[in-house]
Amino acid sequence: MSAPLETSALTKRYGKVVALDRCDLAIPSGRVVGLVGPNGAGKTTLMHLAVGLLEPTNGTIRVGGASPTQDTARVLSHVGFLGQDHPLYGSFSVAEMLEFGRRLNTRWDQSLATARLAKIGIPLERKVLTLSGGQRAQVALTLVLGKRPDLLLLDEPVSNLDPLARREFLQELMSAVAQDGATVVLSSHVIEDVERVCDHLVILAEGKVRLAGDIEDLIGGHALVVGPRRDGATADASAIEVTHADRQTTALIRTARREEPHVCGDGSYVRPATLEEIVLAYLRRGAEHVKEAA
Amino acid sequence: MVWLTYRQHRIELETMLIGALAVALACVGAALYVASVRTQVGLDACPAVFGTPDCVARFDEYLRLTGQLRGMPLALYLYPVVVAAFLAGPMFARDFERGTHRLVWTQGITRLRWVVVKIAIVSGIAVIAAIIVASVSGLTYDFMLGSTGPWPSFDFEAPVVLAYLVFAVALGAASGVLLRRTVRSMLASLVFFVGFRVLVEWKLRPNFLPPLTSRAGGPDVVPVPPDAWHLGVRYLYSSSGADFPQEQFDTLMRNFRGGDLYSYFGSHDVIAMSFYHPADRYWVMQSIEAAIFLGLSLVLMLLTLWLVQRRA
């Protein structure tokens, strides 16, 4: 079976601006993948390329083995895409939005959609315009889930929601995909949200993949070392990032196995890094490091 | 997709049809009113050229009673403009403005189907509206005016009314896809619709076919048929047939010292000619104007398809 989403040397330019720069990526099947990166890293561009809203400048992108631009209808029948701001038709009722999903998709599951909305407590006769932001996001998610997609692409699905709606949305998402076994790619710049729901992480920065891996492995494979201030080179090739404060030096290093918190002989303190520390270290590391490593 | 198009534009489409019915009913109502006033003041008993003071008085009374109806053609002129601005202008622009184009483009149908069905449904209903309006507008307008020929109601006849409305839809679709903002697209549709209508009516229409000519004035005058579209009188060199320049004509008129004007013209190699289109060209010229607007609509629709298909 082909990978749910795979890119090879994928490049997208808008005039002179490079949104994706020879990006290689493979999303593993059946996982919940967090796609993180600063604004402008190319997260939205990648998702738009995956559903054929955009065409690559160079390179290839395959969704379930098919090209989203040449085989749009086939790709779209298996992929659910939830765009930023959850666009819906404001004058439609919730029931009419479901009717929209039913009429425009071949694999539509009406009973799943109505059951979901009944469970959340959104009345079908309500007009979309009168719904709260959180409810609107839930209706948009229902439209995506009703397609019974093999791959869900969610572009910053919770960025405009208040903390409560955010939590509810992610909970609903998790319970839905747990039953289905679909692959999910969720972009966000809130690492806390990613940590809560994802089991795989892709860090995108300046149009390239900085880091990709299972979250468990990433946390097990990185440690934070805090010791007395030591200027100059750390001489340690495994250091991802070294920062110096007044009296101490902190380094995020790659480790072969999980480091339980302990104090070393030289007095420095070692503990497992948090996901946020790992992500920030990789994001702050300049692009030149990536080139060196390669 | 048919359902979606109808549901999304339900209010605009229904308003367009109700508006068409209202305009048609207003035409019929106005014509009936004019007929009753004619009988009431006894105008039909008068000769075509008013001889008696009594008939002049009756005509004044007729004008007084029917004066308010002069606004009716305004509704006929405005109807396609309103369709262009308020129905067609937003039909694609609103999708782009609110981001719903991404919603519909990521369902299980192709963009081509989306854009084709949308244009087809909206222009199809525009054609129905055109038929409703044009079924009565030309006839009633001629009747109210007491026209002697077909030309006064040219703008309200079925072929051109249909073409105007299809053009309005095509223009709104193209500007919506190009500008992607509702208000801008509405404005652009309005301005370009009016601009193009005026351009064709004033500049192109008189020259769809070369006008016929006849001697205007003097002993050899050949009267223009009463049912013709009289474009006007121009002064030519009688020897070459070329236009007699306006400046020279002004000088000629300043030097005129009385006597018979046309023999004076004749002695200076000048001849006055009437230019006109005879009534039997009416439907040919209707077809030409309709073909211009429909042809342009086709170009705009293909442009819209191309723009939507092209991925940014």
# chains A, B, ... in the order shown; residues from 1 in each chain; ligands from 1
>>> closest_atom_pairs(of="chain B", to="chain A", cutoff="9 Å", atoms="only C-alpha atoms", output="CSV")
residue,atom,partner,partner_atom,distance
B:Met1,CA,A:Leu104,CA,7.0
B:Trp3,CA,A:Arg103,CA,8.2
B:Leu4,CA,A:Phe100,CA,6.7
B:Arg7,CA,A:Phe92,CA,8.1
B:Gln8,CA,A:Tyr89,CA,7.8
B:Asp95,CA,A:Tyr89,CA,8.8
B:Arg98,CA,A:Pro87,CA,6.7
B:Gly99,CA,A:Pro87,CA,5.7
B:Thr100,CA,A:Pro87,CA,5.3
B:His101,CA,A:Pro87,CA,8.6
B:Arg102,CA,A:Leu53,CA,7.4
B:Leu103,CA,A:Pro87,CA,6.4
B:Val104,CA,A:Leu104,CA,8.2
B:Trp105,CA,A:Leu53,CA,7.4
B:Thr106,CA,A:Leu76,CA,6.1
B:Gln107,CA,A:Leu104,CA,6.0
B:Gly108,CA,A:Asn105,CA,4.6
B:Ile109,CA,A:Ala73,CA,6.1
B:Thr110,CA,A:Ala73,CA,6.1
B:Arg310,CA,A:Glu55,CA,8.9
B:Arg311,CA,A:Leu54,CA,5.3
B:Ala312,CA,A:Leu54,CA,5.7
>>> select_by_dssp(residues="segment 13-141 of chain A", states="helix (DSSP H, G or I)", output="ChimeraX atom specification")
/A:43-50,72-78,94-104,110-120,128-130,133-141
>>> closest_residue(among="B:Phe208, B:Phe196, B:Trp283, B:Tyr262", to="Ser297 of chain B", atoms="only C-alpha atoms")
B:Phe196
>>> select_by_dssp(residues="segment 185-246 of chain A", states="strand (DSSP E)", output="ChimeraX atom specification")
/A:185-188,200-205,208-214,222-228,239-244
>>> write_last_selection(atoms="N, CA and C atoms", output="CSV table (one decimal), in the first residue's frame")
chain,number,residue,atom,x,y,z
A,185,VAL,N,-3.1,14.4,9.5
A,185,VAL,CA,-2.0,15.4,9.5
A,185,VAL,C,-2.7,16.7,10.0
A,186,LEU,N,-2.1,17.2,11.1
A,186,LEU,CA,-2.7,18.4,11.8
A,186,LEU,C,-1.6,19.4,11.9
A,187,SER,N,-1.9,20.6,11.4
A,187,SER,CA,-0.8,21.6,11.5
A,187,SER,C,-1.2,22.5,12.7
A,188,SER,N,-0.2,23.0,13.3
A,188,SER,CA,-0.5,23.9,14.5
A,188,SER,C,0.8,24.6,14.8
A,200,HIS,N,3.2,11.5,16.0
A,200,HIS,CA,4.3,11.6,15.1
A,200,HIS,C,4.5,13.1,14.9
A,201,LEU,N,5.7,13.6,14.7
A,201,LEU,CA,5.9,15.0,14.5
A,201,LEU,C,6.7,15.3,13.3
A,202,VAL,N,6.3,16.3,12.6
A,202,VAL,CA,7.2,16.8,11.5
A,202,VAL,C,7.4,18.3,11.7
A,203,ILE,N,8.6,18.7,11.8
A,203,ILE,CA,8.9,20.2,11.9
A,203,ILE,C,9.3,20.7,10.6
A,204,LEU,N,8.5,21.8,10.2
A,204,LEU,CA,8.8,22.4,8.9
A,204,LEU,C,9.3,23.8,9.2
A,205,ALA,N,10.4,24.2,8.5
A,205,ALA,CA,10.8,25.5,8.6
A,205,ALA,C,11.5,26.0,7.4
A,208,LYS,N,11.4,23.5,4.4
A,208,LYS,CA,12.1,22.2,4.4
A,208,LYS,C,11.7,21.5,5.7
A,209,VAL,N,11.8,20.1,5.7
A,209,VAL,CA,11.6,19.4,6.9
A,209,VAL,C,12.8,19.5,7.8
A,210,ARG,N,12.7,20.0,9.0
A,210,ARG,CA,13.8,20.1,9.9
A,210,ARG,C,14.0,18.8,10.7
A,211,LEU,N,12.9,18.2,11.0
A,211,LEU,CA,12.9,17.0,11.9
A,211,LEU,C,11.6,16.2,11.7
A,212,ALA,N,11.7,14.9,11.6
A,212,ALA,CA,10.5,14.1,11.5
A,212,ALA,C,10.7,12.8,12.3
A,213,GLY,N,9.8,12.4,13.1
A,213,GLY,CA,9.9,11.2,13.9
A,213,GLY,C,8.7,11.0,14.8
A,214,ASP,N,8.7,9.8,15.4
A,214,ASP,CA,7.7,9.5,16.4
A,214,ASP,C,8.0,10.3,17.7
A,222,HIS,N,16.4,12.8,23.1
A,222,HIS,CA,17.0,14.1,23.3
A,222,HIS,C,17.0,14.4,24.8
A,223,ALA,N,18.1,15.0,25.3
A,223,ALA,CA,18.2,15.4,26.7
A,223,ALA,C,18.6,16.8,26.8
A,224,LEU,N,18.3,17.4,27.9
A,224,LEU,CA,18.8,18.7,28.2
A,224,LEU,C,19.9,18.7,29.3
A,225,VAL,N,21.0,19.3,29.0
A,225,VAL,CA,22.1,19.3,30.0
A,225,VAL,C,22.3,20.7,30.4
A,226,VAL,N,22.2,20.9,31.8
A,226,VAL,CA,22.4,22.2,32.3
A,226,VAL,C,23.6,22.2,33.2
A,227,GLY,N,24.6,23.0,33.0
A,227,GLY,CA,25.8,23.0,33.8
A,227,GLY,C,26.4,24.4,34.0
A,228,PRO,N,27.5,24.5,34.7
A,228,PRO,CA,28.2,25.8,34.9
A,228,PRO,C,28.6,26.4,33.5
A,239,ALA,N,25.2,17.9,20.1
A,239,ALA,CA,24.5,19.1,20.6
A,239,ALA,C,23.7,19.7,19.4
A,240,ILE,N,22.4,19.9,19.7
A,240,ILE,CA,21.6,20.5,18.7
A,240,ILE,C,21.6,22.0,18.9
A,241,GLU,N,21.6,22.4,20.2
A,241,GLU,CA,21.6,23.8,20.5
A,241,GLU,C,22.3,24.1,21.8
A,242,VAL,N,23.1,25.1,21.9
A,242,VAL,CA,23.8,25.4,23.1
A,242,VAL,C,23.5,26.9,23.4
A,243,THR,N,23.0,27.2,24.6
A,243,THR,CA,22.8,28.5,25.0
A,243,THR,C,23.5,28.9,26.3
A,244,HIS,N,24.0,30.1,26.3
A,244,HIS,CA,24.8,30.5,27.5
A,244,HIS,C,24.0,31.6,28.2
>>> atom_distance(atom1="atom CA of Ala95 of chain A", atom2="atom CA of Gln110 of chain A")
10.3 Å
>>> decode(residues="segment 114-151 of chain B", atoms="N, CA and C atoms", output="short mmCIF file (atom, residue, chain, number, x, y, z; two decimals), in the first residue's frame")
data_model
loop_
_atom_site.label_atom_id
_atom_site.label_comp_id
_atom_site.auth_asym_id
_atom_site.auth_seq_id
_atom_site.Cartn_x
_atom_site.Cartn_y
_atom_site.Cartn_z
N TRP B 114 -17.96 22.34 -11.13
CA TRP B 114 -18.46 23.43 -10.26
C TRP B 114 -18.71 24.69 -11.07
N VAL B 115 -17.73 25.11 -11.85
CA VAL B 115 -17.86 26.38 -12.55
C VAL B 115 -18.86 26.26 -13.71
N VAL B 116 -18.87 25.12 -14.40
CA VAL B 116 -19.78 24.96 -15.54
C VAL B 116 -21.23 24.94 -15.05
N VAL B 117 -21.48 24.15 -14.01
CA VAL B 117 -22.87 24.04 -13.53
C VAL B 117 -23.35 25.39 -13.01
N LYS B 118 -22.47 26.08 -12.29
CA LYS B 118 -22.87 27.36 -11.72
C LYS B 118 -23.25 28.36 -12.83
N ILE B 119 -22.38 28.46 -13.84
CA ILE B 119 -22.67 29.39 -14.94
C ILE B 119 -23.93 28.95 -15.68
N ALA B 120 -24.05 27.63 -15.92
CA ALA B 120 -25.19 27.13 -16.69
C ALA B 120 -26.51 27.43 -15.99
N ILE B 121 -26.57 27.15 -14.69
CA ILE B 121 -27.83 27.35 -13.96
C ILE B 121 -28.19 28.84 -13.94
N VAL B 122 -27.22 29.67 -13.58
CA VAL B 122 -27.54 31.10 -13.43
C VAL B 122 -27.89 31.70 -14.80
N SER B 123 -27.14 31.36 -15.84
CA SER B 123 -27.50 31.97 -17.13
C SER B 123 -28.80 31.34 -17.66
N GLY B 124 -29.04 30.06 -17.34
CA GLY B 124 -30.31 29.45 -17.75
C GLY B 124 -31.50 30.20 -17.15
N ILE B 125 -31.40 30.52 -15.86
CA ILE B 125 -32.51 31.24 -15.23
C ILE B 125 -32.57 32.67 -15.76
N ALA B 126 -31.40 33.22 -16.11
CA ALA B 126 -31.40 34.57 -16.72
C ALA B 126 -32.14 34.54 -18.07
N VAL B 127 -31.99 33.45 -18.82
CA VAL B 127 -32.69 33.33 -20.10
C VAL B 127 -34.21 33.28 -19.87
N ILE B 128 -34.62 32.52 -18.84
CA ILE B 128 -36.06 32.47 -18.52
C ILE B 128 -36.56 33.87 -18.17
N ALA B 129 -35.79 34.59 -17.37
CA ALA B 129 -36.18 35.95 -16.99
C ALA B 129 -36.27 36.84 -18.23
N ALA B 130 -35.32 36.67 -19.15
CA ALA B 130 -35.32 37.47 -20.38
C ALA B 130 -36.58 37.19 -21.19
N ILE B 131 -36.97 35.91 -21.26
CA ILE B 131 -38.16 35.55 -22.04
C ILE B 131 -39.41 36.19 -21.40
N ILE B 132 -39.45 36.16 -20.06
CA ILE B 132 -40.61 36.76 -19.38
C ILE B 132 -40.70 38.25 -19.72
N VAL B 133 -39.57 38.95 -19.61
CA VAL B 133 -39.58 40.40 -19.85
C VAL B 133 -39.87 40.70 -21.32
N ALA B 134 -39.13 40.02 -22.21
CA ALA B 134 -39.19 40.38 -23.63
C ALA B 134 -40.49 39.94 -24.28
N SER B 135 -41.22 39.00 -23.67
CA SER B 135 -42.47 38.57 -24.27
C SER B 135 -43.46 39.71 -24.36
N VAL B 136 -43.34 40.71 -23.49
CA VAL B 136 -44.27 41.83 -23.53
C VAL B 136 -43.61 43.19 -23.75
N SER B 137 -42.31 43.32 -23.41
CA SER B 137 -41.73 44.66 -23.36
C SER B 137 -41.72 45.34 -24.73
N GLY B 138 -41.32 44.63 -25.80
CA GLY B 138 -41.25 45.24 -27.12
C GLY B 138 -42.61 45.69 -27.62
N LEU B 139 -43.58 44.76 -27.53
CA LEU B 139 -44.93 45.05 -28.02
C LEU B 139 -45.58 46.21 -27.28
N THR B 140 -45.52 46.14 -25.93
CA THR B 140 -46.21 47.17 -25.15
C THR B 140 -45.54 48.53 -25.33
N TYR B 141 -44.21 48.54 -25.49
CA TYR B 141 -43.53 49.81 -25.64
C TYR B 141 -43.92 50.47 -26.95
N ASP B 142 -43.94 49.67 -28.03
CA ASP B 142 -44.37 50.20 -29.33
C ASP B 142 -45.80 50.73 -29.26
N PHE B 143 -46.65 49.98 -28.56
CA PHE B 143 -48.05 50.37 -28.48
C PHE B 143 -48.20 51.69 -27.73
N MET B 144 -47.50 51.82 -26.61
CA MET B 144 -47.64 53.03 -25.80
C MET B 144 -47.11 54.26 -26.53
N LEU B 145 -46.06 54.03 -27.32
CA LEU B 145 -45.46 55.14 -28.03
C LEU B 145 -46.26 55.48 -29.28
N GLY B 146 -47.11 54.53 -29.72
CA GLY B 146 -47.78 54.68 -30.99
C GLY B 146 -46.77 54.70 -32.13
N SER B 147 -45.71 53.85 -32.01
CA SER B 147 -44.64 53.86 -32.99
C SER B 147 -45.15 53.53 -34.38
N THR B 148 -44.57 54.20 -35.37
CA THR B 148 -44.92 53.89 -36.75
C THR B 148 -44.03 52.78 -37.31
N GLY B 149 -42.91 52.52 -36.66
CA GLY B 149 -42.03 51.45 -37.13
C GLY B 149 -41.54 50.62 -35.97
N PRO B 150 -40.71 49.63 -36.24
CA PRO B 150 -40.26 48.72 -35.18
C PRO B 150 -39.13 49.29 -34.32
N TRP B 151 -38.43 50.34 -34.81
CA TRP B 151 -37.15 50.72 -34.22
C TRP B 151 -37.19 51.23 -32.79
#
